[in-house]
$ cat run-v5.cif   # mmCIF, C-alpha atoms
data_final
#
loop_
_atom_site.label_atom_id
_atom_site.label_comp_id
_atom_site.auth_asym_id
_atom_site.auth_seq_id
_atom_site.Cartn_x
_atom_site.Cartn_y
_atom_site.Cartn_z
CA THR A 1 3.36 19.47 26.94
CA ARG A 2 2.13 17.55 29.95
CA GLY A 3 1.84 20.75 31.95
CA GLN A 4 -0.31 22.41 29.29
CA LEU A 5 -2.58 19.36 29.14
CA GLU A 6 -2.95 19.36 32.92
CA THR A 7 -4.05 23.00 32.77
CA LEU A 8 -6.42 22.31 29.86
CA CYS A 9 -8.10 19.41 31.64
CA ALA A 10 -8.37 21.31 34.94
CA GLU A 11 -10.06 24.24 33.18
CA ALA A 12 -12.41 21.91 31.32
CA ALA A 13 -13.43 20.21 34.55
CA GLU A 14 -13.89 23.53 36.37
CA HIS A 15 -16.14 24.97 33.66
CA ASN A 16 -17.91 21.70 32.73
CA PHE A 17 -16.91 21.75 29.07
CA PRO A 18 -18.18 18.74 27.05
CA THR A 19 -14.71 17.68 25.89
CA VAL A 20 -11.05 18.46 25.59
CA CYS A 21 -9.80 17.91 22.04
CA VAL A 22 -6.32 16.37 21.80
CA ASN A 23 -4.03 14.46 19.48
CA GLY A 24 -3.90 10.68 19.70
CA SER A 25 -0.69 10.40 21.72
CA ARG A 26 -2.28 12.50 24.48
CA VAL A 27 -5.61 10.68 24.79
CA GLU A 28 -4.51 8.32 27.55
CA LEU A 29 -3.08 11.10 29.73
CA SER A 30 -6.10 13.35 29.20
CA HIS A 31 -8.47 10.50 30.00
CA SER A 32 -6.63 9.82 33.27
CA LEU A 33 -6.74 13.50 34.22
CA LEU A 34 -10.51 13.64 33.63
CA GLU A 35 -11.60 10.30 35.07
CA ASP A 36 -13.27 11.90 38.10
CA CYS A 37 -15.54 14.24 36.09
CA ASP A 38 -17.96 14.17 33.16
CA VAL A 39 -15.65 15.81 30.60
CA GLN A 40 -14.92 13.53 27.66
CA VAL A 41 -11.74 13.28 25.61
CA ALA A 42 -12.21 14.00 21.90
CA ALA A 43 -9.39 12.64 19.75
CA VAL A 44 -8.56 14.11 16.36
CA VAL A 45 -8.17 11.63 13.51
CA GLY A 46 -6.55 12.29 10.14
CA PHE A 47 -5.50 15.67 11.49
CA PRO A 48 -5.02 18.24 10.08
CA LEU A 49 -5.04 17.48 6.32
CA GLY A 50 -7.30 14.42 6.11
CA ALA A 51 -5.29 13.13 3.17
CA MET A 52 -4.00 9.88 4.60
CA ASP A 53 -5.43 6.49 3.68
CA ALA A 54 -8.84 5.65 5.12
CA ASP A 55 -7.41 2.57 6.84
CA ALA A 56 -5.02 4.83 8.77
CA LYS A 57 -7.97 6.88 10.01
CA ARG A 58 -9.75 3.74 11.10
CA TYR A 59 -6.67 2.56 12.99
CA GLU A 60 -6.24 5.97 14.64
CA THR A 61 -9.85 5.76 15.78
CA GLU A 62 -9.46 2.27 17.20
CA ALA A 63 -6.30 3.28 19.06
CA ALA A 64 -7.95 6.41 20.47
CA VAL A 65 -10.96 4.44 21.67
CA ASP A 66 -8.69 1.88 23.34
CA MET A 67 -6.94 4.73 25.21
CA GLY A 68 -10.19 6.25 26.46
CA ALA A 69 -11.49 8.66 23.80
CA GLY A 70 -15.18 9.40 24.19
CA GLU A 71 -15.54 11.32 20.91
CA ILE A 72 -13.73 11.41 17.55
CA ASP A 73 -13.12 14.48 15.35
CA MET A 74 -12.03 13.23 11.92
CA VAL A 75 -10.86 15.30 8.95
CA MET A 76 -12.60 14.54 5.65
CA ASN A 77 -10.36 13.84 2.65
CA VAL A 78 -10.90 17.18 0.90
CA GLY A 79 -8.95 16.25 -2.22
CA ARG A 80 -10.90 13.05 -2.83
CA PHE A 81 -14.11 14.96 -2.17
CA LYS A 82 -13.20 17.61 -4.73
CA ASP A 83 -12.42 14.83 -7.22
CA GLY A 84 -16.07 13.81 -6.89
CA ASP A 85 -15.19 10.51 -5.22
CA HIS A 86 -18.19 10.66 -2.95
CA ASP A 87 -18.42 6.91 -2.42
CA TYR A 88 -14.91 7.01 -0.96
CA ILE A 89 -15.89 9.82 1.43
CA VAL A 90 -18.97 8.00 2.68
CA ARG A 91 -16.98 4.81 3.12
CA GLU A 92 -14.15 6.42 5.10
CA ILE A 93 -16.62 8.18 7.40
CA ARG A 94 -18.58 4.98 7.93
CA ASP A 95 -15.34 3.15 8.75
CA VAL A 96 -14.54 5.69 11.46
CA VAL A 97 -18.10 5.63 12.79
CA GLU A 98 -17.91 1.84 13.02
CA ALA A 99 -14.49 1.94 14.69
CA ALA A 100 -15.75 4.55 17.17
CA ASP A 101 -18.23 1.95 18.44
CA ASP A 102 -21.23 4.20 19.24
CA ARG A 103 -19.11 7.17 20.29
CA ILE A 104 -19.84 10.59 18.79
CA VAL A 105 -18.04 11.23 15.49
CA LYS A 106 -17.62 14.75 14.09
CA VAL A 107 -16.47 15.24 10.50
CA ILE A 108 -14.29 18.28 9.80
CA LEU A 109 -15.07 19.65 6.33
CA GLU A 110 -12.51 22.50 6.20
CA THR A 111 -15.21 24.81 4.85
CA CYS A 112 -12.78 27.58 3.86
CA LEU A 113 -11.64 25.32 1.02
CA LEU A 114 -15.16 24.57 -0.24
CA SER A 115 -17.82 26.39 -2.24
CA ASP A 116 -21.33 26.70 -0.82
CA ASP A 117 -22.51 23.85 -3.06
CA GLU A 118 -19.60 21.70 -1.91
CA ILE A 119 -20.39 22.43 1.74
CA LYS A 120 -23.98 21.33 1.18
CA LYS A 121 -22.88 18.15 -0.59
CA ALA A 122 -20.31 17.33 2.09
CA CYS A 123 -22.96 17.76 4.80
CA GLN A 124 -25.26 15.41 2.92
CA LEU A 125 -22.52 12.78 2.71
CA VAL A 126 -21.84 13.07 6.45
CA VAL A 127 -25.52 12.48 7.20
CA GLN A 128 -25.58 9.59 4.73
CA ALA A 129 -22.59 8.04 6.49
CA GLN A 130 -24.38 8.42 9.84
CA ALA A 131 -21.78 10.53 11.62
CA HIS A 132 -23.11 12.74 14.39
CA PHE A 133 -21.71 16.22 13.64
CA VAL A 134 -20.40 18.32 10.80
CA LYS A 135 -17.53 20.59 11.86
CA THR A 136 -16.24 23.67 10.08
CA SER A 137 -12.49 23.71 10.45
CA THR A 138 -9.23 22.33 11.80
CA GLY A 139 -7.96 25.81 12.59
CA PHE A 140 -4.87 25.08 10.49
CA SER A 141 -6.09 26.13 7.03
CA SER A 142 -6.68 29.54 5.47
CA ALA A 143 -9.68 30.49 7.63
CA GLY A 144 -11.89 29.23 10.45
CA ALA A 145 -15.61 29.22 11.08
CA THR A 146 -17.88 31.83 9.52
CA LEU A 147 -21.49 32.61 10.35
CA LYS A 148 -22.47 32.07 6.72
CA HIS A 149 -21.02 28.57 6.64
CA VAL A 150 -22.49 27.60 10.02
CA LYS A 151 -25.96 28.70 8.87
CA LEU A 152 -25.55 26.76 5.63
CA MET A 153 -24.44 23.62 7.47
CA ARG A 154 -27.36 23.85 9.92
CA GLU A 155 -29.86 24.32 7.08
CA THR A 156 -28.42 21.31 5.24
CA VAL A 157 -28.17 18.77 8.06
CA GLY A 158 -31.44 19.80 9.71
CA GLN A 159 -32.26 17.56 12.66
CA PHE A 160 -29.99 14.76 11.49
CA ALA A 161 -26.65 16.04 12.81
CA GLY A 162 -25.08 18.59 15.11
CA VAL A 163 -22.96 21.49 13.87
CA LYS A 164 -19.60 22.25 15.47
CA ALA A 165 -18.15 25.68 14.72
CA ALA A 166 -14.38 25.79 15.20
CA GLY A 167 -11.59 28.15 14.28
CA GLY A 168 -11.27 31.78 15.32
CA ILE A 169 -13.93 31.80 18.06
CA ARG A 170 -12.22 33.57 20.94
CA ASP A 171 -14.75 35.81 22.71
CA THR A 172 -18.27 35.67 24.09
CA ALA A 173 -19.86 37.74 21.32
CA SER A 174 -18.51 35.54 18.52
CA ALA A 175 -19.46 32.40 20.44
CA GLU A 176 -23.03 33.61 20.92
CA ALA A 177 -23.27 34.57 17.23
CA MET A 178 -22.19 31.07 16.18
CA ILE A 179 -24.80 29.51 18.46
CA GLU A 180 -27.45 31.84 17.04
CA ALA A 181 -26.40 30.76 13.53
CA GLY A 182 -27.04 27.12 14.41
CA ALA A 183 -23.92 25.74 16.08
CA THR A 184 -24.61 23.14 18.75
CA ARG A 185 -20.95 22.78 19.78
CA LEU A 186 -18.01 25.19 19.69
CA GLY A 187 -14.37 24.30 19.23
CA THR A 188 -12.15 26.96 20.75
CA SER A 189 -8.94 27.55 22.66
CA GLY A 190 -10.69 30.49 24.31
CA GLY A 191 -13.29 28.58 26.28
CA VAL A 192 -12.43 30.07 29.65
CA ALA A 193 -12.51 33.64 28.31
CA ILE A 194 -15.85 32.98 26.61
CA VAL A 195 -17.42 31.59 29.78
CA LYS A 196 -16.08 34.42 31.94
CA GLY A 197 -17.38 36.97 29.44
CA ALA A 198 -20.82 35.36 29.54
CA GLU A 199 -20.82 35.31 33.35
CA SER A 200 -19.81 38.97 33.62
CA SER A 201 -22.69 40.04 31.37
CA SER A 202 -25.22 37.84 33.18
CA ASP A 203 -27.67 39.04 35.82
CA TYR A 204 -26.82 36.10 38.08
#

$ encode --input "run-v5.cif" --output "structure tokens"
Amino acid sequence: TRGQLETLCAEAAEHNFPTVCVNGSRVELSHSLLEDCDVQVAAVVGFPLGAMDADAKRYETEAAVDMGAGEIDMVMNVGRFKDGDHDYIVREIRDVVEAADDRIVKVILETCLLSDDEIKKACQLVVQAQAHFVKTSTGFSSAGATLKHVKLMRETVGQFAGVKAAGGIRDTASAEAMIEAGATRLGTSGGVAIVKGAESSSDY
């Protein structure tokens, strides 16, 4: 609701989070609520299944950019990937990257549905398509981020992409463990609790 978004954006501004992550119909409102600070709006695209046509993802991206999105979190087409249609995956990611017009694009792999070898291959395709981050999860499938998968993603993308761990990260200890494993961004609905936990354990 509008009230929940107002709270979300106020908390993000207060704690200097990089982004708020919202659905497309809420990009314009979130952008207006954050226009006086450095917090960006990240719009989800192809969310949460990733199974729609690639042209629909491109259009979603263009619409989100027009409404003020500063980053795009797109869901990879897991079914087409598992079919071995890797050219399709690279093409759909490149289409979104192009439509994002130099904005950061994160590709959600839904790692709980993939084997270790599939995670490695998906990461390689994301790098090939020149997206900026690989991301673990939507938070809507059978499991969220795991330390094992985050480490594997970091090892695979190396210096060529960031790693966003998302799904099930709700406290300071789990957040710190994900960062230690190689995550450079966290997706969480528990951001305020994580920050307050870190502050309470700090010496300053």

$ resolve_selection --input "run-v5.cif" --expression "the PyMOL selection byres ((chain A and resi 18-22) around 8)" --output "list in words"
Leu8, Cys9, Ala12, Asn16, Phe17, Asn23, Gly24, Arg26, Val27, Ser30, Asp38, Val39, Gln40, Val41, Ala42, Ala43 and Val44 of chain A

$ residues_near_point --input "run-v5.cif" --point "(-14.1, 5.5, 7.7)" --cutoff "12 Å" --atoms "all atoms listed in the file" --output "number ranges by chain"
A: 45-46, 50, 52-62, 72-77, 87-100, 105-107, 126, 129-131

$ closest_residue --input "run-v5.cif" --among "A:Ala13, A:Asp83, A:Phe160, A:Lys196" --to "Ala173 of chain A" --atoms "all atoms listed in the file"
A:Lys196

$ atom_distance --input "run-v5.cif" --atom1 "atom CA of His149 of chain A" --atom2 "atom CA of Ile179 of chain A"
12.4 Å

$ closest_residue --input "run-v5.cif" --among "A:Gly162, A:Gly70, A:Glu176, A:Gly139" --to "Ser189 of chain A" --atoms "all atoms listed in the file"
A:Gly139

$ atom_distance --input "run-v5.cif" --atom1 "atom CA of Glu118 of chain A" --atom2 "atom CA of Thr188 of chain A"
24.4 Å

$ closest_residue --input "run-v5.cif" --among "A:Val65, A:Leu147, A:Ser32, A:Leu49" --to "Leu113 of chain A" --atoms "only C-alpha atoms"
A:Leu49

$ closest_residue --input "run-v5.cif" --among "A:Ile194, A:Leu114, A:Ala10, A:Ala51" --to "Cys37 of chain A" --atoms "all atoms listed in the file"
A:Ala10

$ resolve_selection --input "run-v5.cif" --expression "the PyMOL selection byres ((chain A and resi 120) around 9)" --output "ChimeraX atom specification"
/A:115-119,121-125,152-153,155-157

$ write_last_selection --input "run-v5.cif" --atoms "C-alpha atoms" --output "mmCIF file, in the frame of the given file"
data_model
loop_
_atom_site.group_PDB
_atom_site.id
_atom_site.type_symbol
_atom_site.label_atom_id
_atom_site.label_comp_id
_atom_site.auth_asym_id
_atom_site.auth_seq_id
_atom_site.Cartn_x
_atom_site.Cartn_y
_atom_site.Cartn_z
ATOM 1 C CA SER A 115 -17.820 26.390 -2.240
ATOM 2 C CA ASP A 116 -21.330 26.700 -0.820
ATOM 3 C CA ASP A 117 -22.510 23.850 -3.060
ATOM 4 C CA GLU A 118 -19.600 21.700 -1.910
ATOM 5 C CA ILE A 119 -20.390 22.430 1.740
ATOM 6 C CA LYS A 121 -22.880 18.150 -0.590
ATOM 7 C CA ALA A 122 -20.310 17.330 2.090
ATOM 8 C CA CYS A 123 -22.960 17.760 4.800
ATOM 9 C CA GLN A 124 -25.260 15.410 2.920
ATOM 10 C CA LEU A 125 -22.520 12.780 2.710
ATOM 11 C CA LEU A 152 -25.550 26.760 5.630
ATOM 12 C CA MET A 153 -24.440 23.620 7.470
ATOM 13 C CA GLU A 155 -29.860 24.320 7.080
ATOM 14 C CA THR A 156 -28.420 21.310 5.240
ATOM 15 C CA VAL A 157 -28.170 18.770 8.060
#

$ atom_distance --input "run-v5.cif" --atom1 "atom CA of Gly190 of chain A" --atom2 "atom CA of Ile108 of chain A"
19.3 Å

$ residues_around --input "run-v5.cif" --residues "Gln159 of chain A" --least-positions-apart "5" --cutoff "12 Å" --atoms "all atoms listed in the file" --output "JSON, numbers by chain"
{"A": [127, 132, 133, 153, 154, 182, 184]}

$ write_last_selection --input "run-v5.cif" --atoms "C-alpha atoms" --output "CSV table (one decimal), in the coordinates of the input"
chain,number,residue,atom,x,y,z
A,127,VAL,CA,-25.5,12.5,7.2
A,132,HIS,CA,-23.1,12.7,14.4
A,133,PHE,CA,-21.7,16.2,13.6
A,153,MET,CA,-24.4,23.6,7.5
A,154,ARG,CA,-27.4,23.8,9.9
A,182,GLY,CA,-27.0,27.1,14.4
A,184,THR,CA,-24.6,23.1,18.8
